file run-v3.cif (mmCIF, C-alpha atoms)
data_input
#
loop_
_atom_site.label_atom_id
_atom_site.label_comp_id
_atom_site.auth_asym_id
_atom_site.auth_seq_id
_atom_site.Cartn_x
_atom_site.Cartn_y
_atom_site.Cartn_z
CA MET A 894 5.44 -34.27 -3.70
CA LYS A 895 4.46 -31.60 -6.21
CA THR A 896 6.39 -28.33 -6.58
CA ALA A 897 4.35 -25.49 -5.07
CA PHE A 898 6.57 -22.58 -6.01
CA GLU A 899 9.97 -21.91 -7.41
CA LEU A 900 12.40 -19.08 -7.83
CA SER A 901 14.43 -19.71 -10.94
CA GLY A 902 17.69 -17.87 -11.50
CA VAL A 903 16.57 -14.82 -9.56
CA SER A 904 18.95 -11.86 -9.48
CA LYS A 905 18.39 -8.57 -7.70
CA SER A 906 20.66 -5.59 -7.24
CA PHE A 907 20.30 -2.32 -5.37
CA GLY A 908 22.61 0.07 -7.17
CA ARG A 909 25.99 -1.65 -7.30
CA HIS A 910 25.14 -4.09 -4.51
CA ASP A 911 24.13 -7.52 -5.82
CA VAL A 912 21.76 -8.99 -3.23
CA LEU A 913 20.65 -12.06 -5.17
CA ASN A 914 22.78 -13.56 -7.88
CA HIS A 915 21.10 -16.26 -9.93
CA ALA A 916 19.39 -17.85 -6.93
CA TRP A 917 17.34 -21.02 -7.39
CA LEU A 918 14.87 -22.41 -4.90
CA GLN A 919 12.06 -24.92 -5.16
CA VAL A 920 9.54 -25.64 -2.40
CA ARG A 921 7.15 -28.56 -2.65
CA SER A 922 3.67 -29.01 -1.20
CA GLY A 923 3.80 -30.54 2.26
CA GLU A 924 7.32 -29.40 3.11
CA ALA A 925 8.75 -26.56 5.16
CA VAL A 926 12.06 -25.08 4.08
CA GLY A 927 14.22 -23.08 6.47
CA LEU A 928 16.02 -20.18 4.83
CA LEU A 929 19.24 -19.39 6.68
CA GLY A 930 21.75 -16.67 6.08
CA ALA A 931 23.78 -13.98 7.79
CA ASN A 932 22.30 -10.54 8.43
CA GLY A 933 22.08 -8.67 5.12
CA ALA A 934 22.39 -11.87 3.07
CA GLY A 935 19.17 -11.01 1.20
CA LYS A 936 16.65 -13.25 2.96
CA THR A 937 13.96 -10.57 3.23
CA THR A 938 14.53 -9.51 -0.38
CA MET A 939 14.13 -13.12 -1.45
CA MET A 940 10.95 -13.54 0.61
CA ARG A 941 9.43 -10.35 -0.81
CA ILE A 942 10.29 -11.43 -4.35
CA ALA A 943 8.68 -14.80 -3.64
CA ALA A 944 5.58 -12.96 -2.35
CA GLY A 945 5.37 -10.82 -5.50
CA LEU A 946 6.05 -7.58 -3.65
CA MET A 947 9.35 -7.01 -5.44
CA HIS A 948 10.37 -7.78 -8.99
CA PRO A 949 13.60 -9.63 -9.80
CA ASP A 950 16.01 -7.99 -12.25
CA ARG A 951 16.47 -11.39 -13.88
CA GLY A 952 14.83 -14.75 -13.41
CA GLY A 953 11.30 -15.40 -12.26
CA VAL A 954 8.92 -16.69 -9.60
CA ARG A 955 6.27 -19.31 -10.30
CA TRP A 956 3.44 -20.33 -7.98
CA LEU A 957 1.96 -23.58 -9.15
CA PRO A 958 -1.68 -24.45 -8.45
CA ARG A 959 -2.48 -27.48 -6.31
CA GLU A 960 -5.72 -27.95 -8.22
CA PRO A 961 -5.94 -27.29 -11.97
CA PHE A 962 -7.33 -23.84 -12.92
CA THR A 963 -7.32 -22.67 -9.30
CA PRO A 964 -4.68 -20.07 -8.49
CA PRO A 965 -2.75 -20.98 -5.34
CA ARG A 966 -3.49 -19.05 -2.18
CA VAL A 967 -0.29 -17.32 -1.07
CA SER A 968 0.19 -15.72 2.36
CA TYR A 969 3.17 -13.64 3.43
CA PHE A 970 4.06 -12.10 6.78
CA GLY A 971 6.99 -9.70 6.99
CA GLY A 972 6.97 -9.22 10.77
CA GLU A 973 5.22 -7.01 13.31
CA THR A 974 6.81 -3.80 11.96
CA THR A 975 4.69 -4.15 8.83
CA LEU A 976 1.41 -3.84 10.76
CA PRO A 977 -0.25 -0.38 10.75
CA PRO A 978 0.26 1.03 14.28
CA HIS A 979 -2.79 3.35 14.30
CA VAL A 980 -5.37 0.67 13.47
CA SER A 981 -7.03 -1.19 16.35
CA ALA A 982 -6.09 -4.86 16.65
CA ARG A 983 -9.76 -5.88 16.43
CA ARG A 984 -10.38 -3.91 13.21
CA TRP A 985 -7.22 -5.26 11.59
CA ALA A 986 -8.23 -8.84 12.39
CA SER A 987 -11.78 -8.27 11.18
CA LEU A 988 -10.46 -7.24 7.75
CA PHE A 989 -9.32 -10.83 7.29
CA GLY A 990 -12.35 -12.47 8.89
CA VAL A 991 -10.53 -13.26 12.14
CA ALA A 992 -11.92 -12.42 15.59
CA ALA A 993 -9.74 -10.55 18.10
CA ALA A 994 -10.71 -9.25 21.53
CA GLU A 995 -7.98 -6.58 21.78
CA ARG A 996 -9.36 -3.08 21.06
CA ARG A 997 -6.14 -1.06 21.48
CA PRO A 998 -4.30 0.31 18.44
CA ILE A 999 -1.65 -2.11 17.20
CA GLY A 1000 1.12 0.40 17.98
CA ARG A 1001 0.22 0.31 21.70
CA LEU A 1002 0.64 -3.46 21.98
CA SER A 1003 3.93 -5.02 23.06
CA ARG A 1004 6.23 -6.26 20.32
CA GLY A 1005 5.40 -9.89 21.05
CA ASN A 1006 1.66 -9.24 21.02
CA ARG A 1007 1.95 -7.40 17.70
CA GLN A 1008 3.84 -10.34 16.23
CA ALA A 1009 1.28 -12.80 17.63
CA LEU A 1010 -1.59 -10.72 16.21
CA GLY A 1011 -0.03 -10.62 12.75
CA LEU A 1012 0.52 -14.37 12.76
CA ARG A 1013 -2.91 -15.23 14.18
CA VAL A 1014 -4.55 -13.08 11.49
CA LEU A 1015 -2.45 -14.71 8.77
CA LEU A 1016 -2.91 -18.26 9.99
CA GLY A 1017 -6.46 -17.82 11.29
CA GLY A 1018 -7.98 -17.16 7.87
CA PRO A 1019 -8.56 -19.67 5.08
CA PRO A 1020 -5.57 -22.06 4.80
CA ALA A 1021 -2.95 -20.94 2.30
CA ASP A 1022 -1.27 -23.25 -0.21
CA ILE A 1023 1.98 -21.30 0.09
CA LEU A 1024 3.17 -19.69 3.33
CA LEU A 1025 6.08 -17.25 3.37
CA LEU A 1026 7.17 -16.21 6.85
CA ASP A 1027 9.98 -13.78 7.64
CA GLU A 1028 11.32 -14.21 11.20
CA PRO A 1029 7.98 -15.51 12.54
CA TRP A 1030 9.20 -16.49 16.04
CA GLU A 1031 10.73 -13.07 16.80
CA GLY A 1032 9.31 -11.61 20.01
CA LEU A 1033 6.97 -14.52 20.79
CA ASP A 1034 6.86 -15.91 24.32
CA PRO A 1035 7.31 -19.70 24.78
CA GLY A 1036 3.54 -20.27 24.62
CA GLY A 1037 3.22 -18.27 21.41
CA ALA A 1038 6.25 -19.96 19.88
CA ALA A 1039 4.81 -23.42 20.68
CA TRP A 1040 1.46 -22.42 19.15
CA LEU A 1041 3.20 -21.23 15.98
CA THR A 1042 5.31 -24.37 15.69
CA ASP A 1043 2.25 -26.57 16.16
CA THR A 1044 0.17 -24.59 13.65
CA LEU A 1045 2.91 -24.70 11.02
CA ARG A 1046 3.32 -28.46 11.46
CA ARG A 1047 -0.42 -28.94 10.97
CA ARG A 1048 -0.42 -26.71 7.88
CA MET A 1049 2.48 -28.65 6.45
CA ARG A 1050 0.70 -31.99 7.05
CA ALA A 1051 -2.33 -30.51 5.27
CA GLY A 1052 -0.15 -29.96 2.19
CA ALA A 1053 0.98 -26.34 2.45
CA ALA A 1054 4.39 -25.35 1.10
CA ILE A 1055 6.20 -23.25 3.70
CA LEU A 1056 9.30 -21.08 3.42
CA ILE A 1057 10.57 -19.66 6.71
CA SER A 1058 13.42 -17.24 7.14
CA SER A 1059 14.73 -17.17 10.70
CA HIS A 1060 17.82 -17.09 12.89
CA ARG A 1061 16.10 -19.19 15.57
CA LEU A 1062 17.63 -22.53 14.68
CA TYR A 1063 15.88 -24.45 17.47
CA ASP A 1064 12.42 -23.37 16.27
CA LEU A 1065 13.33 -23.89 12.63
CA ASP A 1066 14.53 -27.37 13.44
CA SER A 1067 11.20 -28.20 15.07
CA VAL A 1068 9.26 -27.42 11.88
CA CYS A 1069 11.45 -27.56 8.78
CA THR A 1070 12.06 -30.62 6.68
CA ARG A 1071 15.13 -29.17 4.96
CA PHE A 1072 17.32 -26.08 5.02
CA VAL A 1073 18.92 -23.81 2.48
CA MET A 1074 21.65 -21.28 3.09
CA LEU A 1075 21.60 -17.93 1.29
CA GLU A 1076 25.17 -16.82 0.75
CA ASP A 1077 26.71 -14.52 -1.85
CA GLY A 1078 23.27 -14.15 -3.41
CA ARG A 1079 22.82 -17.89 -4.04
CA CYS A 1080 20.92 -20.66 -2.28
CA SER A 1081 22.68 -23.86 -1.40
CA PRO A 1082 21.29 -26.81 0.57
CA LEU A 1083 22.60 -27.53 4.04
CA PRO A 1084 23.74 -31.16 3.97
CA LEU A 1085 22.25 -32.97 6.96
CA ILE A 1086 22.62 -36.64 7.67
CA GLU A 1087 19.41 -38.27 8.89
CA HIS A 1088 19.77 -41.10 11.43
CA ASP A 1089 23.16 -39.70 12.44
CA GLU A 1090 24.00 -39.99 16.13
CA GLN A 1091 24.56 -36.24 16.21
CA PRO A 1092 21.25 -34.37 16.75
CA ARG A 1093 19.99 -32.48 13.69
CA LEU A 1094 20.10 -29.13 15.49
CA GLU A 1095 23.82 -29.55 16.14
CA GLN A 1096 24.39 -30.47 12.52
CA ILE A 1097 22.54 -27.29 11.41
CA GLU A 1098 24.56 -25.14 13.82
CA GLN A 1099 27.84 -26.65 12.64
CA ALA A 1100 26.90 -26.41 8.94
CA PHE A 1101 25.81 -22.80 9.44
CA ALA A 1102 29.08 -21.97 11.20
CA ARG A 1103 31.15 -23.74 8.50
CA LYS A 1104 29.35 -21.86 5.72
CA ARG A 1105 29.89 -18.53 7.41
CA ARG A 1106 33.63 -19.05 7.79
CA MET B 1072 -10.37 -3.51 -1.16
CA VAL B 1073 -11.57 0.08 -0.65
CA LYS B 1074 -12.69 -1.05 2.82
CA PHE B 1075 -9.13 -2.19 3.60
CA PHE B 1076 -7.76 1.26 2.81
CA LEU B 1077 -10.63 3.03 4.61
CA VAL B 1078 -9.80 1.05 7.77
CA LEU B 1079 -6.12 1.95 7.39
CA ARG B 1080 -7.10 5.62 6.93
CA PRO B 1081 -4.75 7.19 4.36
CA TYR B 1082 -5.25 10.63 5.98
CA PRO B 1083 -4.44 11.94 9.47
CA THR B 1084 -7.22 12.31 12.04
CA TYR B 1085 -6.63 16.07 12.34
CA GLY B 1086 -7.16 16.34 8.56
CA LEU B 1087 -10.57 14.76 8.94
CA ALA B 1088 -11.37 17.09 11.86
CA VAL B 1089 -10.45 20.15 9.77
CA LEU B 1090 -12.59 18.86 6.89
CA ALA B 1091 -15.56 18.28 9.21
CA VAL B 1092 -15.30 21.83 10.64
CA VAL B 1093 -15.00 23.35 7.16
CA ALA B 1094 -17.98 21.33 5.87
CA ILE B 1095 -20.16 22.31 8.85
CA LEU B 1096 -19.25 26.00 8.46
CA ALA B 1097 -19.95 25.79 4.71
CA VAL B 1098 -23.36 24.18 5.27
CA ILE B 1099 -24.31 26.86 7.85
CA SER B 1100 -23.18 29.75 5.62
CA ILE B 1101 -25.06 28.30 2.62
CA GLU B 1102 -28.18 27.88 4.75
CA LEU B 1103 -27.93 31.59 5.57
CA ASN B 1104 -26.97 32.67 2.06
CA PRO B 1105 -27.00 30.20 -0.88
CA ALA B 1106 -24.66 32.53 -2.82
CA GLU B 1107 -21.87 31.45 -0.45
CA LEU B 1108 -21.62 28.06 -2.18
CA ASP B 1109 -18.30 28.78 -3.88
CA SER B 1110 -16.65 29.91 -0.65
CA GLY B 1111 -17.62 26.62 0.96
CA LEU B 1112 -16.53 24.55 -2.03
CA GLY B 1113 -13.24 26.47 -2.22
CA LEU B 1114 -12.43 25.59 1.40
CA ILE B 1115 -13.23 21.91 0.82
CA LEU B 1116 -11.06 21.95 -2.30
CA PHE B 1117 -8.23 23.44 -0.26
CA VAL B 1118 -8.46 20.72 2.42
CA GLN B 1119 -8.79 18.07 -0.30
CA MET B 1120 -5.41 19.14 -1.73
CA PHE B 1121 -3.85 17.82 1.49
CA LEU B 1122 -6.14 14.84 2.20
CA ALA B 1123 -5.86 13.37 -1.30
CA SER B 1124 -2.07 13.66 -1.15
CA SER B 1125 -1.95 10.47 0.88
CA GLY B 1126 1.61 9.30 0.09
CA PHE B 1127 0.91 5.75 -1.09
CA LEU B 1128 4.50 4.63 -1.63
CA VAL B 1129 5.85 5.69 1.77
CA THR B 1130 3.16 3.65 3.57
CA ALA B 1131 3.48 0.74 1.16
CA ARG B 1132 7.22 0.52 1.84
CA ARG B 1133 6.48 0.21 5.56
CA GLY B 1134 4.70 -3.01 4.64
CA HIS B 1135 1.24 -1.87 5.78
CA PHE B 1136 -0.34 -2.77 2.44
CA ASP B 1137 1.46 -6.11 2.01
CA PRO B 1138 -1.74 -8.21 2.34
CA VAL B 1139 -3.39 -6.50 -0.63
CA LEU B 1140 -0.36 -5.80 -2.83
CA GLY B 1141 1.52 -9.10 -2.94
CA CYS B 1142 0.54 -12.72 -3.28
CA GLY B 1143 -1.03 -12.45 -6.72
CA ALA B 1144 -3.19 -9.37 -6.08
CA THR B 1145 -3.85 -6.98 -8.95
CA ARG B 1146 -1.81 -3.96 -7.99
CA THR B 1147 -3.61 -1.51 -10.29
CA ARG B 1148 -6.88 -2.42 -8.58
CA ALA B 1149 -5.29 -1.81 -5.19
CA LEU B 1150 -3.95 1.58 -6.32
CA ALA B 1151 -7.38 2.57 -7.63
CA ALA B 1152 -8.95 1.47 -4.34
CA HIS B 1153 -6.40 3.54 -2.41
CA TRP B 1154 -7.28 6.58 -4.50
CA CYS B 1155 -11.00 6.05 -3.82
CA ALA B 1156 -10.35 5.74 -0.07
CA SER B 1157 -8.11 8.83 -0.11
CA ILE B 1158 -10.70 11.06 -1.76
CA ALA B 1159 -13.77 9.62 0.00
CA PRO B 1160 -14.05 12.07 2.95
CA GLY B 1161 -13.57 15.08 0.66
CA ALA B 1162 -16.14 13.70 -1.78
CA LEU B 1163 -18.62 13.20 1.05
CA ALA B 1164 -18.13 16.79 2.27
CA TRP B 1165 -18.40 18.10 -1.30
CA VAL B 1166 -21.71 16.28 -1.90
CA ALA B 1167 -23.08 17.39 1.49
CA VAL B 1168 -22.30 21.07 0.82
CA SER B 1169 -23.55 20.94 -2.78
CA ALA B 1170 -26.75 19.14 -1.77
CA THR B 1171 -27.38 21.74 0.95
CA ALA B 1172 -26.98 24.49 -1.64
CA TRP B 1173 -29.30 22.67 -4.04
CA VAL B 1174 -31.97 22.31 -1.36
CA SER B 1175 -31.52 26.00 -0.53
CA GLY B 1176 -32.26 26.87 -4.14
CA SER B 1177 -28.76 27.77 -5.38
CA GLU B 1178 -28.52 27.54 -9.18
CA ALA B 1179 -24.78 26.90 -9.04
CA ALA B 1180 -25.31 23.71 -6.99
CA LEU B 1181 -26.01 21.71 -10.12
CA SER B 1182 -22.57 22.62 -11.48
CA ALA B 1183 -21.03 21.41 -8.21
CA LEU B 1184 -22.74 18.04 -8.59
CA ALA B 1185 -22.42 17.58 -12.35
CA GLY B 1186 -20.55 20.41 -14.04
CA SER B 1187 -17.38 22.51 -14.14
CA ARG B 1188 -17.26 22.85 -10.34
CA LEU B 1189 -17.31 19.07 -10.01
CA LEU B 1190 -14.39 18.93 -12.47
CA ALA B 1191 -12.43 21.18 -10.10
CA PHE B 1192 -12.92 18.55 -7.38
CA VAL B 1193 -11.94 15.68 -9.70
CA ILE B 1194 -8.81 17.54 -10.87
CA VAL B 1195 -7.66 18.31 -7.31
CA SER B 1196 -8.35 14.72 -6.20
CA ALA B 1197 -6.45 13.22 -9.13
CA VAL B 1198 -3.48 15.59 -9.27
CA ALA B 1199 -2.92 15.71 -5.49
CA TRP B 1200 -2.98 11.89 -5.17
CA ALA B 1201 -0.78 11.28 -8.21
CA SER B 1202 1.81 13.96 -7.48
CA GLY B 1203 1.90 12.95 -3.81
CA PHE B 1204 2.36 9.26 -4.65
CA ALA B 1205 6.00 9.08 -3.57
CA LEU B 1206 5.93 11.98 -1.09
CA PRO B 1207 5.13 11.92 2.62
CA ARG B 1208 1.46 12.38 3.51
CA GLY B 1209 0.25 15.89 2.65
CA GLY B 1210 3.49 16.66 0.76
CA ALA B 1211 1.87 17.35 -2.59
CA GLY B 1212 -0.72 19.57 -0.90
CA ALA B 1213 2.01 21.65 0.74
CA LEU B 1214 3.95 22.00 -2.53
CA TRP B 1215 0.80 22.91 -4.42
CA MET B 1216 -0.12 25.53 -1.85
CA GLY B 1217 3.41 26.96 -2.18
CA VAL B 1218 2.97 27.33 -5.94
CA LEU B 1219 -0.42 29.03 -5.49
CA VAL B 1220 0.97 31.45 -2.89
CA LEU B 1221 3.86 32.26 -5.24
CA LEU B 1222 1.42 32.97 -8.08
CA LEU B 1223 -0.67 35.11 -5.77
CA LEU B 1224 2.34 37.14 -4.64
CA ARG B 1225 3.39 37.69 -8.25
CA HIS B 1226 -0.18 38.78 -9.16
CA ALA B 1227 -0.10 36.25 -12.02
CA GLU B 1228 -3.04 36.52 -14.44
CA LEU B 1229 -3.92 32.87 -15.03
CA LEU B 1230 -7.11 33.49 -16.97
CA THR B 1231 -6.87 36.09 -19.72
CA PRO B 1232 -9.66 37.53 -21.87
CA ALA B 1233 -8.57 34.93 -24.46
CA SER B 1234 -9.36 32.04 -22.12
CA GLY B 1235 -12.80 31.60 -23.62
CA GLN B 1236 -11.41 31.36 -27.16
CA ALA B 1237 -11.07 28.16 -29.15
CA SER B 1238 -7.55 28.52 -30.60
CA PRO B 1239 -5.29 25.57 -29.68
CA TRP B 1240 -2.83 27.82 -27.84
CA ALA B 1241 -5.61 29.44 -25.80
CA ILE B 1242 -7.06 26.01 -24.97
CA LEU B 1243 -3.68 24.66 -23.81
CA ARG B 1244 -2.88 27.77 -21.82
CA THR B 1245 -6.26 27.75 -20.11
CA ALA B 1246 -6.08 24.00 -19.43
CA GLY B 1247 -2.64 24.53 -17.84
CA ALA B 1248 -4.01 27.36 -15.72
CA ILE B 1249 -6.90 25.14 -14.54
CA LEU B 1250 -4.53 22.32 -13.65
CA VAL B 1251 -2.34 24.65 -11.60
CA CYS B 1252 -5.30 26.41 -10.00
CA PRO B 1253 -8.57 24.41 -10.19
CA PHE B 1254 -10.10 27.09 -7.93
CA LEU B 1255 -10.55 29.07 -11.16
CA LEU B 1256 -13.53 26.84 -11.92
CA LEU B 1257 -15.37 28.13 -8.87
CA GLY B 1258 -17.22 31.40 -8.95
CA PRO B 1259 -19.41 33.13 -11.47
CA ARG B 1260 -16.42 34.71 -13.29
CA ALA B 1261 -15.15 31.41 -14.62
CA GLN B 1262 -15.16 32.03 -18.37
CA VAL B 1263 -13.31 29.08 -19.83
CA SER B 1264 -13.98 27.20 -23.03
CA GLY B 1265 -15.41 23.70 -22.90
CA ALA B 1266 -12.38 22.40 -24.80
CA ALA B 1267 -10.02 23.74 -22.13
CA LEU B 1268 -12.14 22.07 -19.45
CA VAL B 1269 -11.99 18.74 -21.29
CA ALA B 1270 -8.22 19.10 -21.86
CA ALA B 1271 -7.53 19.87 -18.19
CA SER B 1272 -9.70 16.98 -16.97
CA ALA B 1273 -8.12 14.59 -19.49
CA ALA B 1274 -4.62 15.65 -18.39
CA ALA B 1275 -5.49 15.10 -14.70
CA LEU B 1276 -7.01 11.68 -15.36
CA THR B 1277 -4.08 10.69 -17.60
CA LEU B 1278 -1.69 11.58 -14.79
CA LEU B 1279 -3.77 9.46 -12.39
CA LEU B 1280 -3.91 6.44 -14.72
CA TRP B 1281 -0.18 6.75 -15.51
CA THR B 1282 0.60 6.75 -11.77
CA TRP B 1283 -1.55 3.63 -11.25
CA ARG B 1284 0.30 1.92 -14.10
CA ALA B 1285 3.78 3.02 -13.04
CA GLY B 1286 3.02 2.32 -9.37
CA SER B 1287 1.98 -1.24 -10.12
CA ARG B 1288 5.52 -2.01 -11.33
CA LEU B 1289 7.39 -0.53 -8.36
CA ASP B 1290 9.44 -2.59 -5.94
CA LEU B 1291 7.99 -2.60 -2.45
CA TYR B 1292 11.10 -3.18 -0.37
CA LEU B 1293 10.82 -2.46 3.32
CA VAL B 1294 11.97 0.88 4.66
CA GLU B 1295 12.39 1.00 8.43
CA HIS B 1296 10.71 3.94 10.13
CA SER B 1297 11.23 5.32 13.59
#

call {"tool": "encode", "arguments": {"input": "run-v3.cif", "output": "structure tokens"}}
result
Amino acid sequence: MKTAFELSGVSKSFGRHDVLNHAWLQVRSGEAVGLLGANGAGKTTMMRIAAGLMHPDRGGVRWLPREPFTPPRVSYFGGETTLPPHVSARRWASLFGVAAAERRPIGRLSRGNRQALGLRVLLGGPPADILLLDEPWEGLDPGGAAWLTDTLRRRMRAGAAILISSHRLYDLDSVCTRFVMLEDGRCSPLPLIEHDEQPRLEQIEQAFARKRR
Amino acid sequence: MVKFFLVLRPYPTYGLAVLAVVAILAVISIELNPAELDSGLGLILFVQMFLASSGFLVTARRGHFDPVLGCGATRTRALAAHWCASIAPGALAWVAVSATAWVSGSEAALSALAGSRLLAFVIVSAVAWASGFALPRGGAGALWMGVLVLLLLRHAELLTPASGQASPWAILRTAGAILVCPFLLLGPRAQVSGAALVAASAAALTLLLWTWRAGSRLDLYLVEHS
């Protein structure tokens, strides 16, 4: 599989607080990587750097084209709080060529419906080569969560490179092919043993707990 | 991209309502007396000080502009589009009032559409947007109004008899006065040299371009809002 994007030696500080410290991450086409980490570990900062919304102090981000001379299509969703509350759901969706029946302003929708709208708009448009999703399952009901899981699996099979930051280990486990842990500003892989008698979800939970100790 | 920002509306609804009322009143008064053009334009300029101060950075750090600012988008283009969307309602009102005056036979209307009066609109639109870049919506307008009220209370003479002269000092002083108070370009008394007009417009546009350039390098981390 070909590398779709990489963060190479990325460092980022806010004042004296080092959020990322020489972090490396590579995501290939056709794989979904789960980004784990404690609250405040720097997952959102890393996602926003990967999306080009923030600039690293050191290091760099590279998105590599799937086809020569065609820039990759990158999509990022930072969660329902990033949607403009005063705009109607229908108008917001229409900006991205997606149909939506809901006419109410986004701010009047429930949290789960806002999250679902943001995701449907992102995933309903032309397929992206690189998908960056920050806590995508937050607030979704079981039906919405199943739809998201199914859509992400299909996108992955179609060759998209996906990076997902989430605390919902069960949902991550149902989509991701591998996991990295962000700790002390660095990414390290979570070692999981395939074909082990112990289910993968348990292994992730145990590895996560060990790392946090 | 301008459409994206127009849908997101960089200005509050009540701001648009005030602008609409002001524009309608200006059109009616010009219909009755074409000499009232400058009063109407002055009111639109005043509202534009607030509307154009649309606080780009505050909204961007809420993540509302993420789809057009990240993922390989050209940020400078997005900033320019945001400026266009921010000044659009004021520009529409300005053209409507000036066109009404032109139809009514006002000689000054031409200057509002392609002369020193139009420069007043461009200066307000550029300076208010750029200086309000990192402030909450309308912040630059409020600060600007504070400065103007202060000058008014101190009876400051912004334009002197030397304002029409061509010495470098007079040009700079007059350009500074125009930048602080673009309303000086309205009215028949506006006796300023062409060089001062060019200098003031160039300074306003330089500030705008510098803000686009500096803004394109800023970090857009998320700031939670209640």

call {"tool": "residues_around", "arguments": {"input": "run-v3.cif", "residues": "range 1203-1211 of chain B", "least_positions_apart": "6", "cutoff": "8 Å", "atoms": "all atoms listed in the file", "output": "VMD selection string"}}
result
chain B and resid 1082 1120 to 1129 1282

call {"tool": "resolve_selection", "arguments": {"input": "run-v3.cif", "expression": "the PyMOL selection byres ((chain A) within 8 of (chain B))", "output": "list in words"}}
result
Thr938, Arg941, Ala944, Gly945, Leu946, Met947, His948, Arg966, Val967, Ser968, Tyr969, Gly971, Thr974, Thr975, Leu976, Pro977, His979, Val980, Arg984, Trp985 and Leu988 of chain A

call {"tool": "atom_distance", "arguments": {"input": "run-v3.cif", "atom1": "CA of Arg955 in chain A", "atom2": "CA of Leu1024 in chain A"}}
result
14.0 Å

call {"tool": "atom_distance", "arguments": {"input": "run-v3.cif", "atom1": "CA of Trp917 in chain A", "atom2": "CA of Ser1081 in chain A"}}
result
8.5 Å

call {"tool": "resolve_selection", "arguments": {"input": "run-v3.cif", "expression": "the PyMOL selection byres ((chain A and resi 1085) around 12)", "output": "list in words"}}
result
Asp1066, Thr1070, Arg1071, Phe1072, Val1073, Pro1082, Leu1083, Pro1084, Ile1086, Glu1087, His1088, Asp1089, Glu1090, Gln1091, Pro1092, Arg1093, Leu1094, Glu1095, Gln1096, Ile1097, Glu1098, Gln1099, Ala1100 and Phe1101 of chain A

call {"tool": "closest_residue", "arguments": {"input": "run-v3.cif", "among": "A:Leu1016, A:Leu1062, A:Leu1056, A:Leu913", "to": "Phe898 in chain A", "atoms": "only C-alpha atoms"}}
result
A:Leu1056

call {"tool": "atom_distance", "arguments": {"input": "run-v3.cif", "atom1": "CA of Glu1107 in chain B", "atom2": "CA of Ala1179 in chain B"}}
result
10.1 Å

call {"tool": "residues_around", "arguments": {"input": "run-v3.cif", "residues": "Ala1185 in chain B", "least_positions_apart": "6", "cutoff": "12 Å", "atoms": "only C-alpha atoms", "output": "list in words"}}
result
Trp1165, Val1166, Ser1169, Ala1170, Trp1173, Ala1179, Ala1191, Phe1192 and Val1193 of chain B

call {"tool": "resolve_selection", "arguments": {"input": "run-v3.cif", "expression": "the PyMOL selection byres ((chain A and resi 1018) around 12)", "output": "PyMOL selection string"}}
result
chain A and resi 966-968+986-992+1011-1017+1019-1021

call {"tool": "closest_residue", "arguments": {"input": "run-v3.cif", "among": "A:Ala1009, A:Met939, A:Leu1041, A:Ala916", "to": "Asp1077 in chain A", "atoms": "all atoms listed in the file"}}
result
A:Ala916

call {"tool": "residues_around", "arguments": {"input": "run-v3.cif", "residues": "range 1223-1233 of chain B", "least_positions_apart": "4", "cutoff": "12 Å", "atoms": "all atoms listed in the file", "output": "MDAnalysis selection string"}}
result
chainID B and resid 1216:1219 1237:1256 1260:1264 1267

call {"tool": "write_last_selection", "arguments": {"input": "run-v3.cif", "atoms": "C-alpha atoms", "output": "compact mmCIF listing (two decimals), in the frame of the given file"}}
result
# COMPACT_ATOMS: atom_id res chain seq x y z
CA MET B 1216 -0.12 25.53 -1.85
CA GLY B 1217 3.41 26.96 -2.18
CA VAL B 1218 2.97 27.33 -5.94
CA LEU B 1219 -0.42 29.03 -5.49
CA ALA B 1237 -11.07 28.16 -29.15
CA SER B 1238 -7.55 28.52 -30.60
CA PRO B 1239 -5.29 25.57 -29.68
CA TRP B 1240 -2.83 27.82 -27.84
CA ALA B 1241 -5.61 29.44 -25.80
CA ILE B 1242 -7.06 26.01 -24.97
CA LEU B 1243 -3.68 24.66 -23.81
CA ARG B 1244 -2.88 27.77 -21.82
CA THR B 1245 -6.26 27.75 -20.11
CA ALA B 1246 -6.08 24.00 -19.43
CA GLY B 1247 -2.64 24.53 -17.84
CA ALA B 1248 -4.01 27.36 -15.72
CA ILE B 1249 -6.90 25.14 -14.54
CA LEU B 1250 -4.53 22.32 -13.65
CA VAL B 1251 -2.34 24.65 -11.60
CA CYS B 1252 -5.30 26.41 -10.00
CA PRO B 1253 -8.57 24.41 -10.19
CA PHE B 1254 -10.10 27.09 -7.93
CA LEU B 1255 -10.55 29.07 -11.16
CA LEU B 1256 -13.53 26.84 -11.92
CA ARG B 1260 -16.42 34.71 -13.29
CA ALA B 1261 -15.15 31.41 -14.62
CA GLN B 1262 -15.16 32.03 -18.37
CA VAL B 1263 -13.31 29.08 -19.83
CA SER B 1264 -13.98 27.20 -23.03
CA ALA B 1267 -10.02 23.74 -22.13

call {"tool": "residues_near_point", "arguments": {"input": "run-v3.cif", "point": "(-27.1, 21.3, -0.8)", "cutoff": "10 Å", "atoms": "all atoms listed in the file", "output": "PyMOL selection string"}}
result
chain B and resi 1098+1101-1102+1105+1108+1165-1177+1180-1181+1183-1184

call {"tool": "closest_residue", "arguments": {"input": "run-v3.cif", "among": "A:Pro949, A:Gly908, A:Pro964, A:Pro1029", "to": "Thr1042 in chain A", "atoms": "only C-alpha atoms"}}
result
A:Pro1029
